[in-house]
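S.K.: Have a look at this one.
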Amino acid sequence: MEIEIISFGKISEFIPRQKIDITGISDTDTLKVHLEKAFPQISTMKYKLALNEKLVQNNTLISGNEVVAIMPPFSGG
Amino acid sequence: MSDIKIKNIFVNGKIESGFIGESIAKHSSKTTIGGHSIFMGQVRRDDQGGKFVYAIEFTAYETLALEKMNLIREEIFDKYPIICLHVYHSLGVVNTGDICLFVFCSAAHRTPAIDACTEIVERLKTELPIWGKEIFEDDSHQWKENN
């Protein structure tokens with residue numbers, strides 16, 4: 001099972017757009033643990049995820065083929 | 001999907017003063033308006049320990065940002081008796097001294113116009129997925145953090 005990862009802001013400097021295998025991962029809480037292992041830099045940062053262009057606010061089921069965005073704190077305006 | 005038309009707020013590069021002037025002029029035909037409140041964000045030549053910002057490069061997760069802005073807009077219209085509301089935010093490089101944010105809120109009376117404008121500025125800074133990269137005069141950079 002694969003998902004596509006995109007990232008923004010500071011995080012885009014070290015996590016390029018890519019597909020990752022998430023076999024065995026079925027929700028966003030488990031995905032976070034997986035991402036923090038794969039990309040240790042984010043484990044010490046504040047970040048939010050969006051799943052298929054929806055901000056993840058509570059643990060959400062993943063079925064595969066989603067686009068997951070990793071987003072550092074917003075700094076517009 | 002919502003059938004409400006989602007307005008684009010993004011402008012490439014700086015927001016021109018002429019555009020701002022024309023936006024104001026367009027409201028002369030809306031004679032129920034009695035007060036406008038305008039906020040403009042300008043890129044500051046910020047001193048970061050002896051290094052000076054010369055530009056900010058803005059990027060956004062555009063689809064998410066526009067959807068969120070649409071929700072904020074609906075909530076603001078429900079909360080305040082305002083007549084119209086316009087929001088523009090730059091993408092790409094904006095140099096110091098140039099305008100990167102233009103929020104324009106109009107109502108019959110001043111209080112809702114001012115309060116709604118303030119709330120929109122605060123909310124868009126914390127809730128819209130937009131990022132500013134501060135570029136220094138020596139070409140190094142750091143990612144802006146909102147206070």
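We label chains A, B, ... in the order they appear in the structure tokens, count residues from 1 in each chain, and number ligands from 1 in the order shown.
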Excluding Ser75 of chain A and its own-chain neighbours fewer than 4 positions away, which residues fall within 7 Å of it when counting only C-alpha atoms? Please give them as a PyMOL selection string.

M.R.: chain B and resi 125+130-132+144-146

S.K.: Convert the current residue selection to file output with N, CA and C atoms, as an mmCIF file, in the first residue's frame.

M.R.:
```
data_model
loop_
_atom_site.group_PDB
_atom_site.id
_atom_site.type_symbol
_atom_site.label_atom_id
_atom_site.label_comp_id
_atom_site.auth_asym_id
_atom_site.auth_seq_id
_atom_site.Cartn_x
_atom_site.Cartn_y
_atom_site.Cartn_z
ATOM 1 N N LYS B 125 -3.804 34.493 9.716
ATOM 2 C CA LYS B 125 -2.407 34.249 10.070
ATOM 3 C C LYS B 125 -2.213 32.888 10.745
ATOM 4 N N ILE B 130 -0.201 28.895 4.728
ATOM 5 C CA ILE B 130 0.662 29.768 3.938
ATOM 6 C C ILE B 130 1.978 29.866 4.715
ATOM 7 N N TRP B 131 3.092 29.884 3.966
ATOM 8 C CA TRP B 131 4.395 29.973 4.631
ATOM 9 C C TRP B 131 5.216 31.087 4.000
ATOM 10 N N GLY B 132 5.930 31.809 4.874
ATOM 11 C CA GLY B 132 6.795 32.895 4.409
ATOM 12 C C GLY B 132 8.253 32.544 4.647
ATOM 13 N N LYS B 144 9.798 32.180 8.277
ATOM 14 C CA LYS B 144 9.093 33.112 9.150
ATOM 15 C C LYS B 144 8.239 32.343 10.152
ATOM 16 N N GLU B 145 8.145 32.902 11.366
ATOM 17 C CA GLU B 145 7.229 32.336 12.357
ATOM 18 C C GLU B 145 6.287 33.422 12.807
ATOM 19 N N ASN B 146 5.011 33.130 12.834
ATOM 20 C CA ASN B 146 4.038 34.153 13.248
ATOM 21 C C ASN B 146 3.949 34.217 14.759
#
```

S.K.: Based on only C-alpha atoms, which of the residues in chain B come within 9 Å of chain A? I want them as a PDB file with N, CA and C atoms, in the first residue's frame.

M.R.:
```
ATOM      1  N   GLY B  41      -0.734  44.349   5.074  1.00  0.00           N
ATOM      2  CA  GLY B  41       0.529  43.845   5.608  1.00  0.00           C
ATOM      3  C   GLY B  41       1.643  44.244   4.660  1.00  0.00           C
ATOM      4  N   GLN B  42       2.729  44.754   5.219  1.00  0.00           N
ATOM      5  CA  GLN B  42       3.867  45.207   4.415  1.00  0.00           C
ATOM      6  C   GLN B  42       5.113  44.440   4.854  1.00  0.00           C
ATOM      7  N   PHE B  58       6.463  33.805  -0.408  1.00  0.00           N
ATOM      8  CA  PHE B  58       5.308  33.103   0.146  1.00  0.00           C
ATOM      9  C   PHE B  58       4.942  31.897  -0.712  1.00  0.00           C
ATOM     10  N   THR B  59       4.655  30.790  -0.036  1.00  0.00           N
ATOM     11  CA  THR B  59       4.080  29.622  -0.701  1.00  0.00           C
ATOM     12  C   THR B  59       2.841  29.215   0.097  1.00  0.00           C
ATOM     13  N   ALA B  60       1.974  28.453  -0.523  1.00  0.00           N
ATOM     14  CA  ALA B  60       0.737  28.047   0.159  1.00  0.00           C
ATOM     15  C   ALA B  60       0.305  26.677  -0.337  1.00  0.00           C
ATOM     16  N   TYR B  61      -0.446  25.996   0.494  1.00  0.00           N
ATOM     17  CA  TYR B  61      -1.180  24.811   0.039  1.00  0.00           C
ATOM     18  C   TYR B  61      -2.517  25.392  -0.429  1.00  0.00           C
ATOM     19  N   THR B  63      -5.209  24.861  -2.403  1.00  0.00           N
ATOM     20  CA  THR B  63      -6.583  24.336  -2.332  1.00  0.00           C
ATOM     21  C   THR B  63      -7.105  24.369  -0.898  1.00  0.00           C
ATOM     22  N   LEU B  64      -6.233  23.934   0.023  1.00  0.00           N
ATOM     23  CA  LEU B  64      -6.624  23.906   1.438  1.00  0.00           C
ATOM     24  C   LEU B  64      -6.842  25.325   1.962  1.00  0.00           C
ATOM     25  N   HIS B  89      -3.859  37.893  -0.713  1.00  0.00           N
ATOM     26  CA  HIS B  89      -2.566  37.535  -0.115  1.00  0.00           C
ATOM     27  C   HIS B  89      -1.583  37.221  -1.237  1.00  0.00           C
ATOM     28  N   SER B  90      -0.368  37.709  -1.080  1.00  0.00           N
ATOM     29  CA  SER B  90       0.649  37.458  -2.105  1.00  0.00           C
ATOM     30  C   SER B  90       1.175  36.034  -2.062  1.00  0.00           C
ATOM     31  N   CYS B 100       1.865  42.740   1.018  1.00  0.00           N
ATOM     32  CA  CYS B 100       1.682  41.298   0.791  1.00  0.00           C
ATOM     33  C   CYS B 100       0.320  40.810   1.273  1.00  0.00           C
ATOM     34  N   LEU B 101      -0.420  41.664   1.973  1.00  0.00           N
ATOM     35  CA  LEU B 101      -1.740  41.261   2.469  1.00  0.00           C
ATOM     36  C   LEU B 101      -2.659  42.480   2.438  1.00  0.00           C
ATOM     37  N   PHE B 102      -3.858  42.265   1.920  1.00  0.00           N
ATOM     38  CA  PHE B 102      -4.843  43.354   1.827  1.00  0.00           C
ATOM     39  C   PHE B 102      -6.198  42.788   2.241  1.00  0.00           C
ATOM     40  N   VAL B 121      -7.859  39.089  10.014  1.00  0.00           N
ATOM     41  CA  VAL B 121      -6.388  39.132   9.952  1.00  0.00           C
ATOM     42  C   VAL B 121      -5.795  38.125  10.941  1.00  0.00           C
ATOM     43  N   GLU B 122      -6.316  38.113  12.167  1.00  0.00           N
ATOM     44  CA  GLU B 122      -5.807  37.182  13.176  1.00  0.00           C
ATOM     45  C   GLU B 122      -6.020  35.734  12.724  1.00  0.00           C
ATOM     46  N   LEU B 124      -6.550  34.476   9.659  1.00  0.00           N
ATOM     47  CA  LEU B 124      -5.838  34.000   8.467  1.00  0.00           C
ATOM     48  C   LEU B 124      -4.360  33.741   8.753  1.00  0.00           C
ATOM     49  N   LYS B 125      -3.804  34.493   9.716  1.00  0.00           N
ATOM     50  CA  LYS B 125      -2.407  34.249  10.070  1.00  0.00           C
ATOM     51  C   LYS B 125      -2.213  32.888  10.745  1.00  0.00           C
ATOM     52  N   THR B 126      -3.205  32.439  11.518  1.00  0.00           N
ATOM     53  CA  THR B 126      -3.021  31.174  12.231  1.00  0.00           C
ATOM     54  C   THR B 126      -3.657  29.983  11.517  1.00  0.00           C
ATOM     55  N   GLU B 127      -4.646  30.244  10.646  1.00  0.00           N
ATOM     56  CA  GLU B 127      -5.413  29.107  10.119  1.00  0.00           C
ATOM     57  C   GLU B 127      -5.169  28.791   8.649  1.00  0.00           C
ATOM     58  N   LEU B 128      -4.572  29.713   7.897  1.00  0.00           N
ATOM     59  CA  LEU B 128      -4.373  29.410   6.479  1.00  0.00           C
ATOM     60  C   LEU B 128      -2.986  28.806   6.240  1.00  0.00           C
ATOM     61  N   PRO B 129      -2.939  27.688   5.487  1.00  0.00           N
ATOM     62  CA  PRO B 129      -1.646  27.053   5.225  1.00  0.00           C
ATOM     63  C   PRO B 129      -0.813  27.845   4.205  1.00  0.00           C
ATOM     64  N   ILE B 130      -0.201  28.895   4.728  1.00  0.00           N
ATOM     65  CA  ILE B 130       0.662  29.768   3.938  1.00  0.00           C
ATOM     66  C   ILE B 130       1.978  29.866   4.715  1.00  0.00           C
ATOM     67  N   TRP B 131       3.092  29.884   3.966  1.00  0.00           N
ATOM     68  CA  TRP B 131       4.395  29.973   4.631  1.00  0.00           C
ATOM     69  C   TRP B 131       5.216  31.087   4.000  1.00  0.00           C
ATOM     70  N   GLY B 132       5.930  31.809   4.874  1.00  0.00           N
ATOM     71  CA  GLY B 132       6.795  32.895   4.409  1.00  0.00           C
ATOM     72  C   GLY B 132       8.253  32.544   4.647  1.00  0.00           C
ATOM     73  N   LYS B 133       9.028  32.629   3.580  1.00  0.00           N
ATOM     74  CA  LYS B 133      10.477  32.401   3.716  1.00  0.00           C
ATOM     75  C   LYS B 133      11.150  33.758   3.674  1.00  0.00           C
ATOM     76  N   GLN B 142      15.542  32.239   6.302  1.00  0.00           N
ATOM     77  CA  GLN B 142      14.943  31.466   7.404  1.00  0.00           C
ATOM     78  C   GLN B 142      13.431  31.517   7.222  1.00  0.00           C
ATOM     79  N   TRP B 143      12.759  30.515   7.806  1.00  0.00           N
ATOM     80  CA  TRP B 143      11.307  30.455   7.654  1.00  0.00           C
ATOM     81  C   TRP B 143      10.657  31.311   8.730  1.00  0.00           C
ATOM     82  N   LYS B 144       9.798  32.180   8.277  1.00  0.00           N
ATOM     83  CA  LYS B 144       9.093  33.112   9.150  1.00  0.00           C
ATOM     84  C   LYS B 144       8.239  32.343  10.152  1.00  0.00           C
ATOM     85  N   GLU B 145       8.145  32.902  11.366  1.00  0.00           N
ATOM     86  CA  GLU B 145       7.229  32.336  12.357  1.00  0.00           C
ATOM     87  C   GLU B 145       6.287  33.422  12.807  1.00  0.00           C
ATOM     88  N   ASN B 146       5.011  33.130  12.834  1.00  0.00           N
ATOM     89  CA  ASN B 146       4.038  34.153  13.248  1.00  0.00           C
ATOM     90  C   ASN B 146       3.949  34.217  14.759  1.00  0.00           C
ATOM     91  N   ASN B 147       3.844  35.442  15.268  1.00  0.00           N
ATOM     92  CA  ASN B 147       3.705  35.614  16.719  1.00  0.00           C
ATOM     93  C   ASN B 147       2.237  35.570  17.106  1.00  0.00           C
TER      94      ASN B 147
END
```

S.K.: Set the distance at 9 Å and use only C-alpha atoms: which residues neighbour Glu16 of chain B once local chain neighbours fewer than 5 positions away are removed? I'd like the list as number ranges by chain.

M.R.: B: 21, 98-99

S.K.: So which bits of segment 4-145 of chain B end up strand (DSSP E) when you DSSP the backbone, as a short mmCIF file (atom, residue, chain, number, x, y, z; two decimals) with N, CA and C atoms, in the first residue's frame?

M.R.:
```cif
data_model
loop_
_atom_site.label_atom_id
_atom_site.label_comp_id
_atom_site.auth_asym_id
_atom_site.auth_seq_id
_atom_site.Cartn_x
_atom_site.Cartn_y
_atom_site.Cartn_z
N PHE B 10 -5.33 34.64 -3.88
CA PHE B 10 -3.89 34.76 -4.11
C PHE B 10 -3.55 35.65 -5.30
N VAL B 11 -2.50 36.44 -5.10
CA VAL B 11 -1.99 37.37 -6.09
C VAL B 11 -0.52 37.03 -6.28
N ASN B 12 -0.06 36.99 -7.52
CA ASN B 12 1.37 36.73 -7.72
C ASN B 12 2.18 37.98 -7.46
N GLY B 35 -18.87 52.55 6.46
CA GLY B 35 -17.50 52.48 6.98
C GLY B 35 -16.73 51.34 6.36
N HIS B 36 -15.47 51.62 6.02
CA HIS B 36 -14.56 50.57 5.53
C HIS B 36 -13.45 50.40 6.56
N SER B 37 -13.03 49.17 6.76
CA SER B 37 -11.82 48.95 7.54
C SER B 37 -10.86 48.17 6.66
N ILE B 38 -9.65 48.69 6.58
CA ILE B 38 -8.64 48.09 5.70
C ILE B 38 -7.41 47.74 6.51
N PHE B 39 -6.91 46.52 6.32
CA PHE B 39 -5.61 46.18 6.88
C PHE B 39 -4.70 45.81 5.73
N MET B 40 -3.47 46.34 5.78
CA MET B 40 -2.48 45.96 4.78
C MET B 40 -1.23 45.48 5.50
N GLY B 41 -0.73 44.35 5.07
CA GLY B 41 0.53 43.85 5.61
C GLY B 41 1.64 44.24 4.66
N GLN B 42 2.73 44.75 5.22
CA GLN B 42 3.87 45.21 4.42
C GLN B 42 5.11 44.44 4.85
N ASP B 47 15.35 43.22 11.29
CA ASP B 47 16.72 43.00 11.75
C ASP B 47 16.75 41.72 12.57
N GLN B 48 17.39 40.70 12.04
CA GLN B 48 17.47 39.42 12.76
C GLN B 48 18.93 39.23 13.17
N LYS B 51 21.33 40.70 10.55
CA LYS B 51 21.01 40.38 9.14
C LYS B 51 19.65 40.98 8.83
N PHE B 52 19.54 41.58 7.65
CA PHE B 52 18.30 42.27 7.31
C PHE B 52 17.51 41.53 6.24
N VAL B 53 16.21 41.44 6.47
CA VAL B 53 15.32 40.82 5.48
C VAL B 53 15.20 41.76 4.28
N TYR B 54 15.33 41.22 3.06
CA TYR B 54 15.04 42.07 1.90
C TYR B 54 13.81 41.62 1.14
N ALA B 55 13.34 40.41 1.40
CA ALA B 55 12.11 39.95 0.74
C ALA B 55 11.54 38.77 1.51
N ILE B 56 10.26 38.52 1.30
CA ILE B 56 9.66 37.28 1.79
C ILE B 56 9.08 36.55 0.59
N GLU B 57 9.39 35.25 0.53
CA GLU B 57 8.80 34.42 -0.54
C GLU B 57 7.68 33.59 0.08
N PHE B 58 6.46 33.80 -0.41
CA PHE B 58 5.31 33.10 0.15
C PHE B 58 4.94 31.90 -0.71
N THR B 59 4.66 30.79 -0.04
CA THR B 59 4.08 29.62 -0.70
C THR B 59 2.84 29.22 0.10
N ALA B 60 1.97 28.45 -0.52
CA ALA B 60 0.74 28.05 0.16
C ALA B 60 0.30 26.68 -0.34
N ILE B 82 -21.69 42.71 8.28
CA ILE B 82 -20.86 43.38 7.28
C ILE B 82 -21.50 43.26 5.90
N ILE B 83 -21.13 44.15 5.03
CA ILE B 83 -21.72 44.18 3.69
C ILE B 83 -20.80 43.51 2.67
N CYS B 84 -19.53 43.79 2.74
CA CYS B 84 -18.62 43.02 1.89
C CYS B 84 -17.25 42.87 2.49
N LEU B 85 -16.56 41.89 1.93
CA LEU B 85 -15.28 41.48 2.49
C LEU B 85 -14.38 41.00 1.36
N HIS B 86 -13.19 41.55 1.29
CA HIS B 86 -12.23 41.15 0.27
C HIS B 86 -10.89 40.84 0.94
N VAL B 87 -10.29 39.72 0.54
CA VAL B 87 -9.00 39.34 1.10
C VAL B 87 -8.06 38.98 -0.05
N TYR B 88 -6.86 39.56 -0.03
CA TYR B 88 -5.84 39.23 -1.02
C TYR B 88 -4.53 38.97 -0.31
N HIS B 89 -3.86 37.89 -0.71
CA HIS B 89 -2.57 37.53 -0.11
C HIS B 89 -1.58 37.22 -1.24
N SER B 90 -0.37 37.71 -1.08
CA SER B 90 0.65 37.46 -2.11
C SER B 90 1.17 36.03 -2.06
N LEU B 91 1.58 35.56 -3.24
CA LEU B 91 2.40 34.35 -3.36
C LEU B 91 3.67 34.76 -4.11
N GLY B 92 4.75 34.02 -3.89
CA GLY B 92 6.00 34.36 -4.55
C GLY B 92 6.74 35.45 -3.77
N VAL B 93 7.69 36.07 -4.45
CA VAL B 93 8.59 37.00 -3.76
C VAL B 93 7.99 38.40 -3.66
N VAL B 94 7.99 38.93 -2.43
CA VAL B 94 7.56 40.32 -2.20
C VAL B 94 8.69 41.03 -1.45
N ASN B 95 9.17 42.13 -2.02
CA ASN B 95 10.30 42.85 -1.43
C ASN B 95 9.89 43.71 -0.25
N ILE B 99 3.44 45.58 -0.34
CA ILE B 99 2.27 45.05 0.37
C ILE B 99 2.07 43.57 -0.01
N CYS B 100 1.87 42.74 1.02
CA CYS B 100 1.68 41.30 0.79
C CYS B 100 0.32 40.81 1.27
N LEU B 101 -0.42 41.66 1.97
CA LEU B 101 -1.74 41.26 2.47
C LEU B 101 -2.66 42.48 2.44
N PHE B 102 -3.86 42.26 1.92
CA PHE B 102 -4.84 43.35 1.83
C PHE B 102 -6.20 42.79 2.24
N VAL B 103 -6.70 43.26 3.37
CA VAL B 103 -8.00 42.83 3.87
C VAL B 103 -8.89 44.07 3.91
N PHE B 104 -10.06 43.96 3.31
CA PHE B 104 -10.92 45.12 3.10
C PHE B 104 -12.34 44.73 3.48
N CYS B 105 -12.83 45.35 4.55
CA CYS B 105 -14.10 44.95 5.13
C CYS B 105 -15.02 46.16 5.25
N SER B 106 -16.24 46.04 4.79
CA SER B 106 -17.16 47.19 4.75
C SER B 106 -18.48 46.85 5.44
N ALA B 107 -19.02 47.85 6.12
CA ALA B 107 -20.29 47.67 6.83
C ALA B 107 -21.04 48.99 6.85
N ILE B 130 -0.20 28.89 4.73
CA ILE B 130 0.66 29.77 3.94
C ILE B 130 1.98 29.87 4.71
N TRP B 131 3.09 29.88 3.97
CA TRP B 131 4.39 29.97 4.63
C TRP B 131 5.22 31.09 4.00
N GLY B 132 5.93 31.81 4.87
CA GLY B 132 6.79 32.90 4.41
C GLY B 132 8.25 32.54 4.65
N LYS B 133 9.03 32.63 3.58
CA LYS B 133 10.48 32.40 3.72
C LYS B 133 11.15 33.76 3.67
N GLU B 134 11.78 34.14 4.78
CA GLU B 134 12.45 35.44 4.85
C GLU B 134 13.82 35.32 4.19
N ILE B 135 14.02 36.13 3.16
CA ILE B 135 15.29 36.10 2.44
C ILE B 135 16.11 37.30 2.89
N PHE B 136 17.34 37.05 3.33
CA PHE B 136 18.18 38.13 3.84
C PHE B 136 19.02 38.73 2.72
N HIS B 141 18.50 32.44 4.21
CA HIS B 141 17.07 32.57 4.50
C HIS B 141 16.69 31.87 5.80
N GLN B 142 15.54 32.24 6.30
CA GLN B 142 14.94 31.47 7.40
C GLN B 142 13.43 31.52 7.22
N TRP B 143 12.76 30.52 7.81
CA TRP B 143 11.31 30.46 7.65
C TRP B 143 10.66 31.31 8.73
#
```

S.K.: Write out as number ranges by chain which residues come within 10 Å of Thr23 of chain A when counting only C-alpha atoms, dropping same-chain ones fewer than 3 positions away.

M.R.: A: 1-3, 20, 26, 64

S.K.: Those same residues - N, CA and C atoms - I'd like them written as a compact mmCIF listing (two decimals), in the first residue's frame.

M.R.:
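Result file follows (part_24.txt):
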```txt
# COMPACT_ATOMS: atom_id res chain seq x y z
N MET A 1 0.85 -1.20 0.00
CA MET A 1 0.00 0.00 0.00
C MET A 1 0.88 1.25 0.00
N GLU A 2 0.53 2.19 -0.85
CA GLU A 2 1.38 3.39 -0.98
C GLU A 2 0.57 4.66 -0.75
N ILE A 3 1.26 5.68 -0.24
CA ILE A 3 0.67 7.02 -0.22
C ILE A 3 1.68 7.98 -0.82
N ILE A 20 5.56 6.67 -0.54
CA ILE A 20 6.13 5.76 0.45
C ILE A 20 5.20 4.58 0.67
N SER A 26 -2.75 1.92 9.07
CA SER A 26 -4.15 2.11 8.68
C SER A 26 -4.75 3.41 9.18
N GLY A 64 -5.06 4.00 1.64
CA GLY A 64 -4.03 3.84 0.61
C GLY A 64 -4.34 4.74 -0.55
```

S.K.: When you look at His109 of chain B with a cut-off of 7 Å (counting only C-alpha atoms), what residues show up, excluding the ones that are within fewer than 3 positions of it in the same chain? I need them as a PyMOL selection string.

M.R.: chain B and resi 34-35+112-113

S.K.: Using only C-alpha atoms, which residues sit within 12 Å of Pro40 of chain A once same-chain residues fewer than 5 positions away are excluded, as a ChimeraX atom specification?

M.R.: /A:11,14-15,32-35,45

S.K.: Deliver the residues from the most recent selection as a file, using N, CA and C atoms, as an mmCIF file, in the first residue's frame.

M.R.:
```
data_model
loop_
_atom_site.group_PDB
_atom_site.id
_atom_site.type_symbol
_atom_site.label_atom_id
_atom_site.label_comp_id
_atom_site.auth_asym_id
_atom_site.auth_seq_id
_atom_site.Cartn_x
_atom_site.Cartn_y
_atom_site.Cartn_z
ATOM 1 N N ILE A 11 9.769 22.206 6.042
ATOM 2 C CA ILE A 11 9.814 20.747 5.877
ATOM 3 C C ILE A 11 10.087 20.360 4.415
ATOM 4 N N PHE A 14 13.663 19.283 3.344
ATOM 5 C CA PHE A 14 14.293 17.964 3.555
ATOM 6 C C PHE A 14 13.377 16.778 3.272
ATOM 7 N N ILE A 15 12.106 17.027 2.992
ATOM 8 C CA ILE A 15 11.243 15.910 2.551
ATOM 9 C C ILE A 15 10.665 16.257 1.185
ATOM 10 N N LYS A 32 1.999 8.960 11.663
ATOM 11 C CA LYS A 32 2.884 9.960 12.281
ATOM 12 C C LYS A 32 4.123 9.284 12.888
ATOM 13 N N VAL A 33 3.892 8.183 13.587
ATOM 14 C CA VAL A 33 5.014 7.452 14.197
ATOM 15 C C VAL A 33 5.973 6.991 13.091
ATOM 16 N N HIS A 34 5.392 6.478 12.013
ATOM 17 C CA HIS A 34 6.188 5.996 10.876
ATOM 18 C C HIS A 34 6.974 7.145 10.238
ATOM 19 N N LEU A 35 6.316 8.270 10.041
ATOM 20 C CA LEU A 35 6.981 9.424 9.405
ATOM 21 C C LEU A 35 8.116 9.954 10.276
ATOM 22 N N MET A 45 9.757 18.866 15.653
ATOM 23 C CA MET A 45 9.085 20.062 15.138
ATOM 24 C C MET A 45 7.583 19.966 15.384
#
```

S.K.: I need the residues in chain A that are helix (DSSP H, G or I) according to DSSP; give them as a PyMOL selection string.

M.R.: chain A and resi 9-13+28-38+40-44

S.K.: Deliver the residues from the most recent selection as a file, using N, CA and C atoms, as a PDB file, in the first residue's frame.

M.R.:
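Dumped everything to result10.pdb:
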```pdb
ATOM      1  N   GLY A   9       6.813  24.621   3.351  1.00  0.00           N
ATOM      2  CA  GLY A   9       7.636  25.453   4.232  1.00  0.00           C
ATOM      3  C   GLY A   9       8.982  24.805   4.505  1.00  0.00           C
ATOM      4  N   LYS A  10       9.428  24.959   5.747  1.00  0.00           N
ATOM      5  CA  LYS A  10      10.735  24.435   6.146  1.00  0.00           C
ATOM      6  C   LYS A  10      10.861  22.935   5.860  1.00  0.00           C
ATOM      7  N   ILE A  11       9.769  22.206   6.042  1.00  0.00           N
ATOM      8  CA  ILE A  11       9.814  20.747   5.877  1.00  0.00           C
ATOM      9  C   ILE A  11      10.087  20.360   4.415  1.00  0.00           C
ATOM     10  N   SER A  12       9.679  21.229   3.483  1.00  0.00           N
ATOM     11  CA  SER A  12       9.913  20.922   2.062  1.00  0.00           C
ATOM     12  C   SER A  12      11.402  20.925   1.715  1.00  0.00           C
ATOM     13  N   GLU A  13      12.218  21.482   2.614  1.00  0.00           N
ATOM     14  CA  GLU A  13      13.664  21.504   2.338  1.00  0.00           C
ATOM     15  C   GLU A  13      14.317  20.148   2.566  1.00  0.00           C
ATOM     16  N   THR A  28      -3.876   7.768  10.752  1.00  0.00           N
ATOM     17  CA  THR A  28      -2.907   8.871  10.731  1.00  0.00           C
ATOM     18  C   THR A  28      -2.024   8.901  11.979  1.00  0.00           C
ATOM     19  N   ASP A  29      -2.525   8.405  13.122  1.00  0.00           N
ATOM     20  CA  ASP A  29      -1.664   8.371  14.312  1.00  0.00           C
ATOM     21  C   ASP A  29      -0.468   7.437  14.085  1.00  0.00           C
ATOM     22  N   THR A  30      -0.745   6.269  13.510  1.00  0.00           N
ATOM     23  CA  THR A  30       0.341   5.315  13.224  1.00  0.00           C
ATOM     24  C   THR A  30       1.244   5.867  12.130  1.00  0.00           C
ATOM     25  N   LEU A  31       0.644   6.554  11.177  1.00  0.00           N
ATOM     26  CA  LEU A  31       1.440   7.161  10.104  1.00  0.00           C
ATOM     27  C   LEU A  31       2.428   8.178  10.673  1.00  0.00           C
ATOM     28  N   LYS A  32       1.999   8.960  11.663  1.00  0.00           N
ATOM     29  CA  LYS A  32       2.884   9.960  12.281  1.00  0.00           C
ATOM     30  C   LYS A  32       4.123   9.284  12.888  1.00  0.00           C
ATOM     31  N   VAL A  33       3.892   8.183  13.587  1.00  0.00           N
ATOM     32  CA  VAL A  33       5.014   7.452  14.197  1.00  0.00           C
ATOM     33  C   VAL A  33       5.973   6.991  13.091  1.00  0.00           C
ATOM     34  N   HIS A  34       5.392   6.478  12.013  1.00  0.00           N
ATOM     35  CA  HIS A  34       6.188   5.996  10.876  1.00  0.00           C
ATOM     36  C   HIS A  34       6.974   7.145  10.238  1.00  0.00           C
ATOM     37  N   LEU A  35       6.316   8.270  10.041  1.00  0.00           N
ATOM     38  CA  LEU A  35       6.981   9.424   9.405  1.00  0.00           C
ATOM     39  C   LEU A  35       8.116   9.954  10.276  1.00  0.00           C
ATOM     40  N   GLU A  36       7.886   9.969  11.585  1.00  0.00           N
ATOM     41  CA  GLU A  36       8.926  10.499  12.478  1.00  0.00           C
ATOM     42  C   GLU A  36      10.145   9.583  12.540  1.00  0.00           C
ATOM     43  N   LYS A  37       9.916   8.286  12.284  1.00  0.00           N
ATOM     44  CA  LYS A  37      11.067   7.364  12.174  1.00  0.00           C
ATOM     45  C   LYS A  37      11.786   7.578  10.852  1.00  0.00           C
ATOM     46  N   ALA A  38      10.998   7.721   9.791  1.00  0.00           N
ATOM     47  CA  ALA A  38      11.592   7.875   8.459  1.00  0.00           C
ATOM     48  C   ALA A  38      12.274   9.238   8.290  1.00  0.00           C
ATOM     49  N   PRO A  40      13.548  11.834  10.873  1.00  0.00           N
ATOM     50  CA  PRO A  40      13.724  12.207  12.284  1.00  0.00           C
ATOM     51  C   PRO A  40      13.646  13.721  12.535  1.00  0.00           C
ATOM     52  N   GLN A  41      13.948  14.534  11.507  1.00  0.00           N
ATOM     53  CA  GLN A  41      13.911  16.006  11.737  1.00  0.00           C
ATOM     54  C   GLN A  41      12.530  16.471  12.191  1.00  0.00           C
ATOM     55  N   ILE A  42      11.466  15.824  11.707  1.00  0.00           N
ATOM     56  CA  ILE A  42      10.135  16.337  12.060  1.00  0.00           C
ATOM     57  C   ILE A  42       9.715  15.956  13.486  1.00  0.00           C
ATOM     58  N   SER A  43      10.414  14.989  14.081  1.00  0.00           N
ATOM     59  CA  SER A  43       9.987  14.538  15.412  1.00  0.00           C
ATOM     60  C   SER A  43      10.175  15.627  16.469  1.00  0.00           C
ATOM     61  N   THR A  44      11.049  16.592  16.199  1.00  0.00           N
ATOM     62  CA  THR A  44      11.260  17.677  17.170  1.00  0.00           C
ATOM     63  C   THR A  44      10.538  18.958  16.735  1.00  0.00           C
TER      64      THR A  44
END
```

S.K.: For atom CA of Ala65 of chain B and atom CA of Asn59 of chain A, quote the distance in Å rounded to one decimal.

M.R.: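 According to the coordinates, atom CA of Ala65 of chain B and atom CA of Asn59 of chain A are separated by 21.3 Å.
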
S.K.: Just to confirm, what's the straight-line distance from atom CA of Val68 of chain A to atom CA of Gly13 of chain B in Å (one decimal)?

M.R.: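 Taking atom CA of Val68 of chain A as the start and atom CA of Gly13 of chain B as the end point, the length is 27.6 Å.
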
S.K.: Neighbouring residues of Ser63 of chain A were defined as those with any atom within 9 Å, considering only C-alpha atoms; residues of the same chain fewer than 2 positions away were excluded. Please report them as JSON, numbers by chain.

M.R.: {"A": [1, 25, 26, 27, 61, 65, 66]}

S.K.: Using the selection just defined, write its residues with N, CA and C atoms as a CSV table (one decimal), in the first residue's frame.

M.R.:
```csv
chain,number,residue,atom,x,y,z
A,1,MET,N,0.8,-1.2,0.0
A,1,MET,CA,0.0,0.0,0.0
A,1,MET,C,0.9,1.3,0.0
A,25,ILE,N,0.0,0.2,7.9
A,25,ILE,CA,-0.4,1.4,8.6
A,25,ILE,C,-1.9,1.7,8.1
A,26,SER,N,-2.7,1.9,9.1
A,26,SER,CA,-4.1,2.1,8.7
A,26,SER,C,-4.8,3.4,9.2
A,27,ASP,N,-4.0,4.2,10.0
A,27,ASP,CA,-4.5,5.5,10.4
A,27,ASP,C,-3.4,6.5,10.5
A,61,LEU,N,-8.7,7.3,9.4
A,61,LEU,CA,-8.3,6.0,8.7
A,61,LEU,C,-7.7,6.4,7.4
A,65,ASN,N,-3.3,5.1,-1.3
A,65,ASN,CA,-3.4,6.0,-2.5
A,65,ASN,C,-3.8,7.5,-2.1
A,66,GLU,N,-3.8,7.8,-0.8
A,66,GLU,CA,-4.0,9.2,-0.4
A,66,GLU,C,-2.8,10.0,-0.7
```
